[in-house]
Every structure is written in structure tokens, then in C-alpha cells.
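Source file coords25.cif; content: mmCIF, C-alpha atoms.
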```cif
data_query
#
loop_
_atom_site.label_atom_id
_atom_site.label_comp_id
_atom_site.auth_asym_id
_atom_site.auth_seq_id
_atom_site.Cartn_x
_atom_site.Cartn_y
_atom_site.Cartn_z
CA MET A 39 -53.80 -30.36 8.86
CA PRO A 40 -51.96 -27.03 8.42
CA ALA A 41 -48.19 -27.08 8.19
CA SER A 42 -46.53 -26.30 11.47
CA THR A 43 -44.66 -23.01 11.90
CA ALA A 44 -41.37 -24.92 12.07
CA ALA A 45 -41.99 -26.41 8.65
CA VAL A 46 -42.85 -22.97 7.24
CA ALA A 47 -39.66 -21.48 8.66
CA LEU A 48 -37.62 -24.38 7.30
CA ARG A 49 -39.17 -23.92 3.88
CA ARG A 50 -38.37 -20.20 3.98
CA ILE A 51 -34.72 -20.86 4.91
CA GLY A 52 -34.45 -23.39 2.12
CA ARG A 53 -35.88 -20.98 -0.43
CA ALA A 54 -33.55 -18.17 0.68
CA THR A 55 -30.52 -20.45 0.47
CA LEU A 56 -31.48 -21.74 -2.95
CA ASN A 57 -32.07 -18.17 -4.16
CA SER A 58 -28.71 -16.92 -2.98
CA VAL A 59 -26.84 -19.90 -4.42
CA GLU A 60 -28.65 -19.42 -7.72
CA ARG A 61 -27.79 -15.72 -7.65
CA LEU A 62 -24.14 -16.56 -6.99
CA GLY A 63 -24.13 -18.93 -9.93
CA PHE A 64 -25.66 -16.30 -12.18
CA ALA A 65 -23.11 -13.75 -10.95
CA ALA A 66 -20.25 -16.10 -11.82
CA ARG A 67 -21.71 -16.85 -15.27
CA PHE A 68 -22.26 -13.12 -15.81
CA SER A 69 -18.66 -12.28 -14.83
CA VAL A 70 -17.30 -14.78 -17.31
CA ALA A 71 -19.63 -13.41 -20.01
CA VAL A 72 -18.43 -9.85 -19.35
CA LEU A 73 -14.81 -10.98 -19.57
CA VAL A 74 -15.54 -12.81 -22.82
CA HIS A 75 -17.07 -9.63 -24.25
CA SER A 76 -14.21 -7.46 -23.06
CA PRO A 77 -12.45 -7.32 -26.46
CA SER A 78 -15.58 -5.69 -27.86
CA ALA A 79 -15.16 -2.86 -25.33
CA LEU A 80 -11.74 -2.18 -26.82
CA ARG A 81 -13.14 -2.35 -30.34
CA ARG A 82 -15.87 0.11 -29.39
CA LEU A 83 -13.38 2.54 -27.96
CA ARG A 84 -15.74 5.48 -28.34
CA LEU A 85 -18.29 3.89 -25.99
CA THR A 86 -15.61 3.13 -23.43
CA LEU A 87 -14.33 6.72 -23.65
CA ARG A 88 -17.87 7.95 -23.01
CA GLU A 89 -18.04 5.77 -19.88
CA ILE A 90 -14.64 7.03 -18.69
CA TYR A 91 -16.13 10.49 -19.02
CA PHE A 92 -19.19 9.60 -16.95
CA SER A 93 -17.50 7.52 -14.24
CA GLY A 94 -14.06 9.18 -14.19
CA VAL A 95 -14.23 12.80 -15.25
CA LEU A 96 -17.49 13.52 -13.44
CA SER A 97 -16.10 11.94 -10.23
CA LEU A 98 -13.07 14.24 -10.33
CA VAL A 99 -14.53 17.03 -8.22
CA ILE A 100 -15.60 14.84 -5.29
CA ILE A 101 -12.31 12.87 -5.40
CA LEU A 102 -10.09 15.96 -5.53
CA VAL A 103 -11.93 17.86 -2.82
CA SER A 104 -12.13 14.90 -0.44
CA GLY A 105 -8.47 14.04 -1.07
CA LEU A 106 -7.46 17.56 -0.15
CA PHE A 107 -9.47 17.51 3.06
CA VAL A 108 -8.35 14.03 4.08
CA GLY A 109 -4.73 15.12 3.62
CA MET A 110 -5.22 18.28 5.65
CA VAL A 111 -6.93 16.41 8.50
CA LEU A 112 -4.19 13.74 8.49
CA ALA A 113 -1.57 16.46 8.76
CA LEU A 114 -3.29 18.15 11.69
CA GLN A 115 -3.95 14.92 13.59
CA GLY A 116 -0.56 13.44 12.76
CA TYR A 117 1.24 16.57 13.88
CA ASP A 118 -0.66 16.50 17.18
CA VAL A 119 0.48 12.95 17.93
CA LEU A 120 3.99 13.17 16.49
CA THR A 121 4.83 16.27 18.55
CA ARG A 122 4.52 14.18 21.70
CA TYR A 123 7.43 12.03 20.53
CA GLY A 124 9.37 14.90 19.06
CA ALA A 125 9.03 13.45 15.60
CA ASN A 126 7.35 16.33 13.73
CA GLU A 127 9.70 15.84 10.84
CA SER A 128 8.13 12.45 10.11
CA LEU A 129 4.78 14.04 9.25
CA GLY A 130 5.48 13.68 5.53
CA VAL A 131 6.22 9.97 5.98
CA LEU A 132 3.04 9.38 7.98
CA VAL A 133 0.80 11.17 5.49
CA ALA A 134 2.42 9.75 2.36
CA LEU A 135 2.47 6.15 3.56
CA SER A 136 -1.09 6.17 4.86
CA LEU A 137 -2.40 7.80 1.68
CA VAL A 138 -0.44 5.79 -0.87
CA ARG A 139 -0.87 2.43 0.84
CA GLU A 140 -4.37 2.58 2.27
CA LEU A 141 -6.47 5.71 2.22
CA GLY A 142 -5.94 6.62 -1.43
CA PRO A 143 -7.20 3.35 -2.93
CA VAL A 144 -9.82 2.64 -0.22
CA VAL A 145 -11.46 6.05 0.16
CA ALA A 146 -11.29 6.75 -3.57
CA GLY A 147 -12.86 3.30 -4.11
CA LEU A 148 -15.67 3.99 -1.64
CA LEU A 149 -16.37 7.38 -3.22
CA PHE A 150 -16.20 5.82 -6.68
CA ALA A 151 -18.68 3.11 -5.65
CA SER A 152 -21.21 5.61 -4.36
CA ARG A 153 -20.68 8.20 -7.11
CA ALA A 154 -20.13 6.14 -10.26
CA GLY A 155 -21.11 2.57 -9.30
CA SER A 156 -24.62 3.55 -8.25
CA ALA A 157 -25.06 5.60 -11.45
CA ILE A 158 -24.01 2.62 -13.60
CA THR A 159 -26.46 0.31 -11.80
CA ALA A 160 -29.31 2.80 -12.06
CA GLU A 161 -28.64 3.38 -15.76
CA ILE A 162 -28.48 -0.31 -16.71
CA GLY A 163 -31.41 -1.13 -14.43
CA LEU A 164 -33.55 1.55 -16.04
CA MET A 165 -32.54 0.34 -19.51
CA LYS A 166 -33.76 -3.09 -18.49
CA THR A 167 -36.99 -1.71 -16.99
CA THR A 168 -37.80 0.27 -20.15
CA GLU A 169 -36.95 -2.85 -22.21
CA GLN A 170 -34.12 -1.16 -24.09
CA LEU A 171 -31.93 -4.19 -23.44
CA SER A 172 -34.56 -6.54 -24.94
CA ALA A 173 -34.92 -4.18 -27.90
CA MET A 174 -31.17 -4.41 -28.50
CA GLU A 175 -31.35 -8.17 -28.43
CA MET A 176 -34.15 -8.02 -31.00
CA MET A 177 -31.89 -6.01 -33.27
CA ALA A 178 -29.19 -8.67 -32.81
CA VAL A 179 -27.07 -6.29 -30.72
CA ASP A 180 -25.64 -8.01 -27.69
CA PRO A 181 -26.34 -5.75 -24.68
CA LEU A 182 -23.36 -7.30 -22.88
CA ALA A 183 -21.04 -5.99 -25.58
CA ARG A 184 -22.86 -2.73 -26.26
CA VAL A 185 -23.88 -1.66 -22.74
CA VAL A 186 -22.15 -3.70 -20.05
CA ALA A 187 -18.55 -4.18 -21.26
CA PRO A 188 -17.81 -0.47 -21.96
CA ARG A 189 -19.08 0.51 -18.51
CA PHE A 190 -17.05 -2.26 -16.88
CA PHE A 191 -13.85 -1.16 -18.61
CA GLY A 192 -14.52 2.53 -18.13
CA GLY A 193 -14.65 1.85 -14.39
CA ILE A 194 -11.49 -0.25 -14.35
CA LEU A 195 -9.53 2.39 -16.26
CA SER A 196 -10.83 5.32 -14.19
CA MET A 197 -10.29 3.87 -10.75
CA PRO A 198 -6.42 3.82 -10.55
CA LEU A 199 -6.23 7.34 -11.94
CA LEU A 200 -8.77 8.57 -9.41
CA ALA A 201 -6.90 6.87 -6.54
CA ALA A 202 -3.59 8.40 -7.63
CA LEU A 203 -5.20 11.83 -7.85
CA PHE A 204 -6.71 11.35 -4.39
CA SER A 205 -3.29 10.52 -2.89
CA THR A 206 -1.60 13.39 -4.72
CA LEU A 207 -4.13 15.94 -3.55
CA GLY A 208 -3.94 14.49 -0.03
CA ILE A 209 -0.17 14.92 0.06
CA PHE A 210 -0.60 18.44 -1.31
CA GLY A 211 -3.16 19.18 1.43
CA ALA A 212 -0.77 17.83 4.07
CA TYR A 213 1.96 20.04 2.60
CA LEU A 214 -0.31 23.08 2.87
CA VAL A 215 -1.19 22.39 6.51
CA GLY A 216 2.15 20.98 7.67
CA VAL A 217 4.60 23.25 5.91
CA ARG A 218 2.64 26.39 5.17
CA LEU A 219 0.37 26.57 8.22
CA ILE A 220 2.26 24.81 11.03
CA GLY A 221 5.72 25.57 9.75
CA ILE A 222 7.51 22.23 9.48
CA ASP A 223 10.68 22.51 7.43
CA ALA A 224 9.82 21.81 3.79
CA GLY A 225 13.12 20.03 3.20
CA SER A 226 12.59 17.48 5.95
CA PHE A 227 8.92 17.06 4.98
CA TRP A 228 9.82 15.96 1.43
CA GLY A 229 13.19 14.42 2.29
CA ASN A 230 11.91 12.04 4.97
CA MET A 231 8.97 11.16 2.73
CA GLN A 232 11.26 10.28 -0.16
CA ALA A 233 13.50 8.21 2.08
CA ALA A 234 10.61 6.19 3.51
CA VAL A 235 8.30 5.66 0.52
CA ASP A 236 9.44 2.88 -1.75
CA PHE A 237 8.33 2.72 -5.35
CA ARG A 238 7.88 -1.04 -5.58
CA TYR A 239 6.48 -1.74 -2.12
CA ASP A 240 4.31 1.28 -1.55
CA ILE A 241 3.31 2.94 -4.80
CA VAL A 242 2.99 -0.11 -7.03
CA ASN A 243 1.07 -1.98 -4.33
CA GLY A 244 -1.26 1.01 -3.95
CA ILE A 245 -1.91 1.03 -7.70
CA ILE A 246 -2.55 -2.74 -7.67
CA LYS A 247 -5.07 -2.23 -4.88
CA SER A 248 -6.90 0.48 -6.78
CA VAL A 249 -7.08 -1.68 -9.93
CA VAL A 250 -8.53 -4.57 -7.90
CA PHE A 251 -11.10 -2.25 -6.30
CA GLY A 252 -11.96 -0.86 -9.73
CA ILE A 253 -12.64 -4.37 -11.02
CA ALA A 254 -14.75 -5.26 -7.97
CA VAL A 255 -16.85 -2.09 -8.00
CA SER A 256 -17.44 -2.11 -11.76
CA LEU A 257 -18.35 -5.78 -11.80
CA ILE A 258 -20.78 -5.43 -8.91
CA ALA A 259 -22.33 -2.29 -10.44
CA VAL A 260 -22.98 -3.81 -13.89
CA PHE A 261 -24.17 -7.08 -12.36
CA GLU A 262 -26.67 -5.46 -10.03
CA GLY A 263 -27.98 -3.28 -12.86
CA TYR A 264 -28.31 -6.21 -15.26
CA ASN A 265 -29.90 -8.37 -12.58
CA ALA A 266 -32.31 -5.71 -11.27
CA ARG A 267 -36.02 -6.49 -11.12
CA PRO A 268 -37.61 -4.45 -13.93
CA THR A 269 -39.62 -2.17 -11.66
CA ALA A 270 -38.95 1.24 -10.13
CA GLU A 271 -38.54 -0.43 -6.77
CA GLY A 272 -36.22 -3.04 -8.26
CA VAL A 273 -33.89 -0.37 -9.67
CA SER A 274 -33.73 1.44 -6.35
CA THR A 275 -33.01 -1.82 -4.49
CA ALA A 276 -30.29 -2.69 -6.98
CA THR A 277 -28.65 0.72 -6.56
CA THR A 278 -28.60 0.33 -2.79
CA ARG A 279 -27.18 -3.17 -3.12
CA THR A 280 -24.41 -1.89 -5.36
CA VAL A 281 -23.24 0.68 -2.84
CA VAL A 282 -23.45 -1.72 0.11
CA ALA A 283 -21.89 -4.72 -1.64
CA SER A 284 -19.08 -2.79 -3.28
CA SER A 285 -18.17 -0.89 -0.10
CA LEU A 286 -18.03 -4.13 1.86
CA SER A 287 -16.03 -5.91 -0.82
CA ILE A 288 -13.55 -3.00 -1.02
CA LEU A 289 -12.92 -3.20 2.72
CA ALA A 290 -12.66 -6.99 2.75
CA LEU A 291 -10.42 -7.11 -0.34
CA ASP A 292 -8.25 -4.40 1.19
CA PHE A 293 -7.63 -6.58 4.23
CA VAL A 294 -6.75 -9.59 2.09
CA LEU A 295 -4.46 -7.59 -0.19
CA THR A 296 -2.74 -5.91 2.75
CA VAL A 297 -2.04 -9.27 4.35
CA PHE A 298 -0.36 -10.45 1.16
CA MET A 299 1.48 -7.24 0.36
CA PHE A 300 2.76 -5.93 3.66
CA ARG A 301 3.18 -9.03 5.78
CA GLY A 302 6.78 -10.32 6.02
CA LEU A 303 8.21 -6.96 5.13
CA GLY A 304 9.61 -6.31 8.57
CA VAL A 305 8.19 -2.78 8.59
CA MET B 62 -22.33 16.76 -25.33
CA ASN B 63 -20.58 16.52 -28.68
CA ARG B 64 -17.74 14.19 -29.44
CA SER B 65 -14.75 16.48 -29.36
CA THR B 66 -15.63 18.07 -26.01
CA LEU B 67 -16.06 14.63 -24.50
CA ASP B 68 -12.72 13.47 -25.92
CA LEU B 69 -11.07 16.60 -24.61
CA TRP B 70 -12.35 16.01 -21.08
CA VAL B 71 -11.36 12.34 -21.09
CA GLY B 72 -7.95 13.37 -22.41
CA ILE B 73 -7.53 15.92 -19.63
CA PHE B 74 -8.63 13.35 -17.04
CA VAL B 75 -6.19 10.70 -18.27
CA THR B 76 -3.33 13.21 -18.52
CA VAL B 77 -3.93 14.54 -15.02
CA GLY B 78 -4.28 10.99 -13.65
CA ILE B 79 -1.03 9.79 -15.21
CA GLY B 80 0.57 13.01 -14.00
CA ALA B 81 -0.54 12.11 -10.47
CA ILE B 82 1.00 8.63 -10.77
CA LEU B 83 4.23 10.21 -12.04
CA PHE B 84 4.19 12.70 -9.16
CA LEU B 85 3.76 9.86 -6.66
CA SER B 86 6.57 7.84 -8.23
CA LEU B 87 9.07 10.64 -8.74
CA LYS B 88 8.46 13.17 -6.01
CA VAL B 89 7.06 10.97 -3.24
CA GLY B 90 8.70 7.63 -4.04
CA ASN B 91 11.89 9.32 -5.24
CA LEU B 92 12.20 6.91 -8.15
CA LEU B 93 14.76 9.07 -9.95
CA THR B 94 17.56 8.74 -7.44
CA VAL B 95 16.99 5.29 -5.97
CA SER B 96 15.77 3.65 -9.15
CA ASN B 97 19.13 2.32 -10.27
CA ASP B 98 18.55 -1.31 -9.53
CA GLN B 99 22.12 -2.11 -10.46
CA GLY B 100 24.58 -2.58 -7.72
CA TYR B 101 26.58 -5.30 -6.13
CA ARG B 102 25.98 -7.51 -3.14
CA LEU B 103 28.09 -7.81 -0.02
CA GLU B 104 27.72 -10.19 2.88
CA ALA B 105 28.57 -9.71 6.53
CA GLU B 106 28.24 -11.91 9.59
CA PHE B 107 27.24 -10.46 12.92
CA ASP B 108 26.91 -12.00 16.38
CA ASN B 109 23.77 -9.99 16.94
CA ILE B 110 21.91 -7.73 14.53
CA GLY B 111 19.65 -6.13 17.15
CA GLY B 112 16.62 -4.56 15.47
CA LEU B 113 17.99 -4.53 11.92
CA LYS B 114 15.16 -4.75 9.38
CA LEU B 115 14.95 -5.58 5.72
CA ARG B 116 15.51 -2.53 3.51
CA ALA B 117 17.37 -0.78 6.32
CA PRO B 118 19.90 1.70 4.95
CA VAL B 119 23.61 1.00 4.64
CA LYS B 120 25.50 4.19 5.30
CA ALA B 121 29.08 5.31 4.88
CA ALA B 122 29.93 8.57 6.60
CA GLY B 123 26.19 9.14 7.00
CA VAL B 124 25.45 8.85 3.28
CA VAL B 125 23.06 6.10 2.19
CA VAL B 126 25.00 3.83 -0.17
CA GLY B 127 22.78 0.75 -0.17
CA ARG B 128 20.05 -1.29 1.48
CA VAL B 129 19.83 -4.48 3.51
CA GLU B 130 18.40 -7.12 1.23
CA ARG B 131 18.26 -10.32 3.24
CA VAL B 132 18.89 -11.47 6.79
CA LYS B 133 19.29 -15.09 7.78
CA LEU B 134 20.84 -17.23 10.47
CA ASP B 135 23.84 -19.39 9.68
CA PRO B 136 22.79 -22.78 11.12
CA ARG B 137 26.39 -23.84 11.84
CA THR B 138 27.89 -20.80 13.51
CA TYR B 139 24.64 -19.32 14.85
CA GLN B 140 25.64 -15.99 13.43
CA ALA B 141 23.36 -13.64 11.54
CA VAL B 142 24.26 -13.32 7.87
CA VAL B 143 23.23 -9.99 6.38
CA MET B 144 23.09 -9.58 2.61
CA MET B 145 23.24 -5.98 1.47
CA LYS B 146 23.08 -4.34 -1.91
CA ILE B 147 25.47 -1.47 -2.48
CA ASP B 148 24.78 1.07 -5.22
CA ARG B 149 27.11 0.89 -8.14
CA GLY B 150 29.69 3.65 -8.04
CA TYR B 151 30.61 3.14 -4.40
CA GLU B 152 33.59 0.94 -3.64
CA PHE B 153 34.96 -0.12 -0.30
CA SER B 154 38.34 -1.56 0.65
CA LYS B 155 38.80 -5.19 1.71
CA ASP B 156 39.33 -4.25 5.34
CA THR B 157 36.10 -2.27 5.68
CA ILE B 158 34.42 -2.54 9.08
CA ALA B 159 30.65 -3.04 9.10
CA SER B 160 28.88 -2.11 12.32
CA ILE B 161 25.24 -2.07 13.31
CA LEU B 162 24.31 1.36 14.59
CA THR B 163 21.23 3.21 15.72
CA SER B 164 20.47 6.79 14.76
CA GLY B 165 19.55 8.46 18.00
CA LEU B 166 18.19 6.59 20.99
CA LEU B 167 14.97 5.44 19.33
CA GLY B 168 15.88 5.96 15.70
CA GLU B 169 16.17 3.46 12.90
CA VAL B 170 18.84 0.75 12.94
CA TYR B 171 21.30 0.87 10.05
CA ILE B 172 24.63 -0.60 8.98
CA GLY B 173 27.59 1.74 9.03
CA LEU B 174 30.57 1.04 6.77
CA ASP B 175 33.99 2.41 7.72
CA SER B 176 36.40 1.99 4.88
CA GLY B 177 39.95 0.94 5.71
CA GLY B 178 43.25 1.52 3.97
CA ASP B 179 43.55 -1.64 1.86
CA ALA B 180 44.11 -0.97 -1.84
CA LYS B 181 42.04 -4.00 -2.89
CA MET B 182 38.32 -3.32 -3.16
CA LEU B 183 35.35 -5.51 -2.23
CA ALA B 184 33.65 -7.05 -5.26
CA ASP B 185 30.21 -8.59 -5.85
CA GLY B 186 29.53 -11.46 -3.44
CA ASP B 187 32.43 -10.69 -1.12
CA LYS B 188 32.18 -11.04 2.61
CA ILE B 189 33.05 -8.26 5.03
CA THR B 190 35.10 -9.98 7.70
CA LYS B 191 35.41 -7.22 10.27
CA THR B 192 32.08 -6.62 11.88
CA GLN B 193 30.77 -5.07 15.03
CA SER B 194 27.47 -6.29 16.42
CA ALA B 195 24.54 -4.26 17.60
CA ILE B 196 24.69 -2.89 21.09
CA VAL B 197 21.78 -4.40 22.97
CA LEU B 198 20.73 -2.04 25.70
CA GLU B 199 19.45 -4.80 28.01
CA LYS B 200 22.80 -6.59 27.88
CA LEU B 201 24.66 -3.39 28.66
CA ILE B 202 22.46 -2.73 31.65
CA GLY B 203 22.82 -6.34 32.80
CA GLN B 204 26.59 -6.11 32.51
CA PHE B 205 26.63 -2.86 34.42
CA MET B 206 24.56 -4.39 37.25
CA PHE B 207 26.84 -7.42 37.45
CA ASP B 208 29.89 -5.19 37.57
CA ARG B 209 28.36 -3.17 40.38
CA ALA B 210 27.38 -6.32 42.28
CA ALA B 211 30.80 -7.84 41.79
CA SER B 212 32.69 -4.78 42.98
CA ALA B 213 30.33 -4.32 45.95
CA GLY B 214 30.65 -8.03 46.85
CA GLY B 215 34.43 -7.87 46.46
CA THR B 216 34.92 -4.99 48.88
CA ALA B 217 32.40 -6.20 51.49
CA ALA B 218 32.78 -9.97 51.78
CA GLY B 219 36.16 -10.67 50.36
CA SER B 220 36.10 -14.41 49.61
CA GLY B 221 32.62 -16.13 49.51
CA ASN B 222 30.55 -14.42 46.81
CA ALA B 223 33.20 -12.66 44.82
CA ALA B 224 34.64 -15.48 42.74
CA PRO B 225 31.41 -16.66 40.99
CA ALA B 226 30.26 -13.07 40.44
CA ALA B 227 33.56 -12.20 38.77
CA ALA B 228 33.30 -15.32 36.65
CA THR B 229 29.81 -14.26 35.46
CA THR B 230 31.02 -10.81 34.56
CA GLY B 231 33.87 -12.27 32.62
CA GLY B 232 31.48 -14.52 30.73
CA ALA B 233 29.19 -11.63 29.88
CA LYS B 234 32.05 -9.69 28.42
#
```
As C-alpha cells, how would this structure be written, given the file I've shared?
Amino acid sequence: MPASTAAVALRRIGRATLNSVERLGFAARFSVAVLVHSPSALRRLRLTLREIYFSGVLSLVIILVSGLFVGMVLALQGYDVLTRYGANESLGVLVALSLVRELGPVVAGLLFASRAGSAITAEIGLMKTTEQLSAMEMMAVDPLARVVAPRFFGGILSMPLLAALFSTLGIFGAYLVGVRLIGIDAGSFWGNMQAAVDFRYDIVNGIIKSVVFGIAVSLIAVFEGYNARPTAEGVSTATTRTVVASSLSILALDFVLTVFMFRGLGV
Amino acid sequence: MNRSTLDLWVGIFVTVGIGAILFLSLKVGNLLTVSNDQGYRLEAEFDNIGGLKLRAPVKAAGVVVGRVERVKLDPRTYQAVVMMKIDRGYEFSKDTIASILTSGLLGEVYIGLDSGGDAKMLADGDKITKTQSAIVLEKLIGQFMFDRAASAGGTAAGSGNAAPAAATTGGAK
């Protein structure tokens, strides 16, 4: 007697659940292993520098250009709305707070995930497919220390710098549009901004956010690469998963962090 | 790519990135002028603080001299106790009046300090005794309506309605 369709479906659900739980367990074990090997990333400073070059320096162009455009668009849209309330002078406040608190870390994180995270996954995945990782193990070189940890730390170190650059360029873009193009008084643009932006509450919290996003994206990227099926298709699936998972986790983490950081502030 | 070029690029990246953080802290966050965490604390009790928020400015003659640090309700007197931190270098006399003001009709709520003539100065932890509460627009309008009703009732009816209406107005004041 053939198994009924219900039994087949049940079996499929069970297998999927078991797989995902097993994957979660492996991810947790992997995270701990990467953290344990983190001192070796500092000892192999040259490798980490190389990864900062690949994930940070090569992401500069996309980060700078998008920061500039985001700032300019914010200035145009913000001016349009603020004029209705006669509060043009607050344009600097609007742009600076939205960039430093939210847009800087989040958009820079999303760009970083798609520009650098996917590259890290593809590189590690391909190393696994071509058995370079196994070859390293044969030569008694731990691939976690030699390949994974430097990439992880390169990402963590690059991310806050990229987010800060994004915000800076955004504010500069808003200055160009608001002060130079529309003609808001430069003194009130900077003055109101300086009065409203707080170092501890706004800038430090923004930097904390970008560090957390850097950790999340780098960890997801190295994990997906290390865990990729060793086929061409497997590498491509892993790359896609990296971008999707890290974008989602950036947005979810941002909500959680914002709840903790900016709740009872009375603002 | 050879080593020194790579190092150079990473160096440029890190320098520019730290420069951006410095720009955000100094130019945007204005860390240079507001950074002095030193200062002393003053306390003031108000009947009503209106829309006063944490970190609202404390101004004297329009100049920001401090920030509101904490707001709580005194459970015995049902008055709002406002803790504010005044920058070091500014001193106010013992008979300073603290009032809750609004800049413009819809602007931010702040505390205004008007220094008096007393030679003794307020020190850390002192309480400002002379305070003036926030003006709540709804109460003002309510008072105005009662006044109008009372005066209209007084001229028209004479006895019946006038006495309780006058009593209410008196209570509201």
C-alpha cells in the first residue's frame, strides 16, 4: 500500500524542519569557531588589511556616490514639506538626524551586503568548490584562521567607516542642494543642525548600529560561503542567500536597536 | 597589486573614514562647544511643566546655558521636579526665577532663567524657589470662556447663575 499524500507531506515538513534546525546549530557552532579564531586575524594583520581593501576601499565609490544622492534627495523632499510649515531652517536638522541615526548605517549596510558580502560568499564558496579549503586543511592550515577570520574582521572594521562616510557625503549633498541651490541661510543650516544633533545620543548610537550591521553582514557572508554546496549552482544560491539574509537581518536589527536606543528619550 | 599600493589604499580609506567620524562629531554634533560634561545641577519645582522634554535647553537671556536632565513628579506635593545641568562658568543668584517658556507658538519648550539681585549664588544641588509654570493654552482658553460666560450671566440674569459661575472662575485662577 503506497503512502498517502498526507504522510508524504508530513515527512517533507519534518525533513525541512530538521534541516533548518541543523543548519541553525551549525551556524551557531560556526560563529563561535570564528570568534575563537579572531585573534589569528589580528596576528595575520596583512591578510586582514587585504580584506579591508577588498570590502572597504572597493566599496568606497558606490557608498560615496549613493550617499551624495540620498542627501540631495532628502534636502529636496524635506524642503518641499518643511516650507509648508515655514520651517525651512530646520532642513539641516532633518537631514542630519535621518542620516546619522538611520539612513547612514542602514543604507550603507545594505549596499555593503550586496557589494562586499556577496563577493565574500562567492570567493569562499568557490574556494570550497575547487577544494582549496580541503587542501589547506591537508597542509595543516586552518581555513577558519587563514580565510574566514580575516574576511570577517575586514568587514567589521570597514562597515562603520563606510557608514560615517555615507552620512558625511549625504550631509554635504544636502548642503549643496539646500544652501547652494535653494538658498537657505548657511548659518541656520549648520547652527540648527549643531543644536539638535547630540554626540552621545545620535552619533555614537549611529556608529553602534553600523558596527552591529557590520558584524551581522560579515558573519552571514562567511557562513554562507563556508556552508555552500560545492557546485556552481551551490555558490550562486549561497550568494543570493547572503544578500537576502543580510538585508533582512539589517532591517530587523535596526528596528530592535532603534527601540532600545531612542525609546524613552522624549524626542 | 603589490603590497605598498594596497597598504596605501587601506591607509587612505581608514584616514578618510576616521575623518568622516570626526566631521560628524565636531561639525554636525558640535562636540567642541557642548562637550564639557562638567557643570552643576539645579532643581526647580513647577506646578505644570507643559511640554517640557528631556534635554530641553535652559536659557538665560536667550543664551543656552544648560540642559534639562531629569523630570519627575514629587509624590507628596504633586509638583513636577525638574533637574537641570548648568554649564560651568555660569552662575545665577539665589533669587533667580525659572519659568517654562515656548519659543514661538509651536516652537520648542525651554526653561528661562532670570537672574535676580541677590549677591549669593546658587551652588550644585540647590533648588530654585521662584518658578513660573508653563502656560497651557487650553486652560487659558477655558478661563477666557468662563470669564465671558460669567460676565454675560452677571449682566443678564443678575442673581441665579452668576454666583456659581464667578466661583468657578475664581477657582480656575
Written as a list in words, which residues does the PyMOL selection byres ((chain B) within 7 of (chain A)) give for the file shown?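 That selection, the PyMOL selection byres ((chain B) within 7 of (chain A)), comes back as Leu67, Trp70, Val71, Phe74, Gly78, Ile79, Ala81, Ile82, Leu85, Ser86, Val89, Gly90, Asn91, Leu92, Lys114 and Leu115 of chain B.
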Would you write out those residues with C-alpha atoms, as a PDB file, in the frame of the given file?
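Wrote it out as part.pdb, contents follow:
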```pdb
ATOM      1  CA  LEU B  67     -16.060  14.630 -24.500  1.00  0.00           C
ATOM      2  CA  TRP B  70     -12.350  16.010 -21.080  1.00  0.00           C
ATOM      3  CA  VAL B  71     -11.360  12.340 -21.090  1.00  0.00           C
ATOM      4  CA  PHE B  74      -8.630  13.350 -17.040  1.00  0.00           C
ATOM      5  CA  GLY B  78      -4.280  10.990 -13.650  1.00  0.00           C
ATOM      6  CA  ILE B  79      -1.030   9.790 -15.210  1.00  0.00           C
ATOM      7  CA  ALA B  81      -0.540  12.110 -10.470  1.00  0.00           C
ATOM      8  CA  ILE B  82       1.000   8.630 -10.770  1.00  0.00           C
ATOM      9  CA  LEU B  85       3.760   9.860  -6.660  1.00  0.00           C
ATOM     10  CA  SER B  86       6.570   7.840  -8.230  1.00  0.00           C
ATOM     11  CA  VAL B  89       7.060  10.970  -3.240  1.00  0.00           C
ATOM     12  CA  GLY B  90       8.700   7.630  -4.040  1.00  0.00           C
ATOM     13  CA  ASN B  91      11.890   9.320  -5.240  1.00  0.00           C
ATOM     14  CA  LEU B  92      12.200   6.910  -8.150  1.00  0.00           C
ATOM     15  CA  LYS B 114      15.160  -4.750   9.380  1.00  0.00           C
ATOM     16  CA  LEU B 115      14.950  -5.580   5.720  1.00  0.00           C
TER      17      LEU B 115
END
```
Quick check, in Å to one decimal: how far apart do atom CA of A:Arg49 and atom CA of A:Leu62 lie?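 Pair atom CA of A:Arg49 / atom CA of A:Leu62 returns 20.0 Å.
What the PyMOL selection byres ((chain B and resi 101) around 9) matches in the given file is Gln99, Gly100, Arg102, Leu103, Met145, Lys146, Ile147, Asp148, Arg149, Ala184, Asp185 and Gly186 of chain B.
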Got a sec: who's within 8 Å of B:Ser194, counting all atoms listed in the file, leaving out chain neighbours fewer than 5 positions off, as a list of chain:residue names?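 Here the answer would be B:Phe107, B:Asp108, B:Asn109, B:Ile110, B:Gly111, B:Ser160, B:Ile161.
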Emit the selected residues as a PDB file, in the frame of the given file, including C-alpha atoms.
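Result file is selection28.pdb:
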```pdb
ATOM      1  CA  PHE B 107      27.240 -10.460  12.920  1.00  0.00           C
ATOM      2  CA  ASP B 108      26.910 -12.000  16.380  1.00  0.00           C
ATOM      3  CA  ASN B 109      23.770  -9.990  16.940  1.00  0.00           C
ATOM      4  CA  ILE B 110      21.910  -7.730  14.530  1.00  0.00           C
ATOM      5  CA  GLY B 111      19.650  -6.130  17.150  1.00  0.00           C
ATOM      6  CA  SER B 160      28.880  -2.110  12.320  1.00  0.00           C
ATOM      7  CA  ILE B 161      25.240  -2.070  13.310  1.00  0.00           C
TER       8      ILE B 161
END
```
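Counting from atom CA of A:Ala160, the distance to atom CA of B:Val77 is 28.1 Å.
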For stretch 108-121 of chain A, find every residue with an atom within 7 Å (counting only C-alpha atoms), except residues of its own chain fewer than 2 positions away, and show them as a list in words.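 Returned residues: Ser104, Gly105, Leu106, Tyr123, Gly124, Ala125, Asn126, Leu129, Val133, Gly208, Ile209, Gly211, Ala212, Val215 and Gly216 of chain A.
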Compare B:Glu130, B:Glu104, B:Asp187, B:Asp135 by their minimum atom-to-atom distance to B:Lys155, counting all atoms listed in the file, and give me the closest one.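 That would be B:Asp187, the residue with the smallest distance to B:Lys155.
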Give me, as number ranges by chain, all polymer residues having an atom no more than 7 Å from stretch 166-171 of chain A, counting all atoms listed in the file and skipping those fewer than 5 positions away in the same chain. A: 181, 268-269
In Å, how far is it from atom CA of A:Ile158 to atom CA of A:Ala259?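 Atom CA of A:Ala259 lies 6.1 Å from atom CA of A:Ile158.
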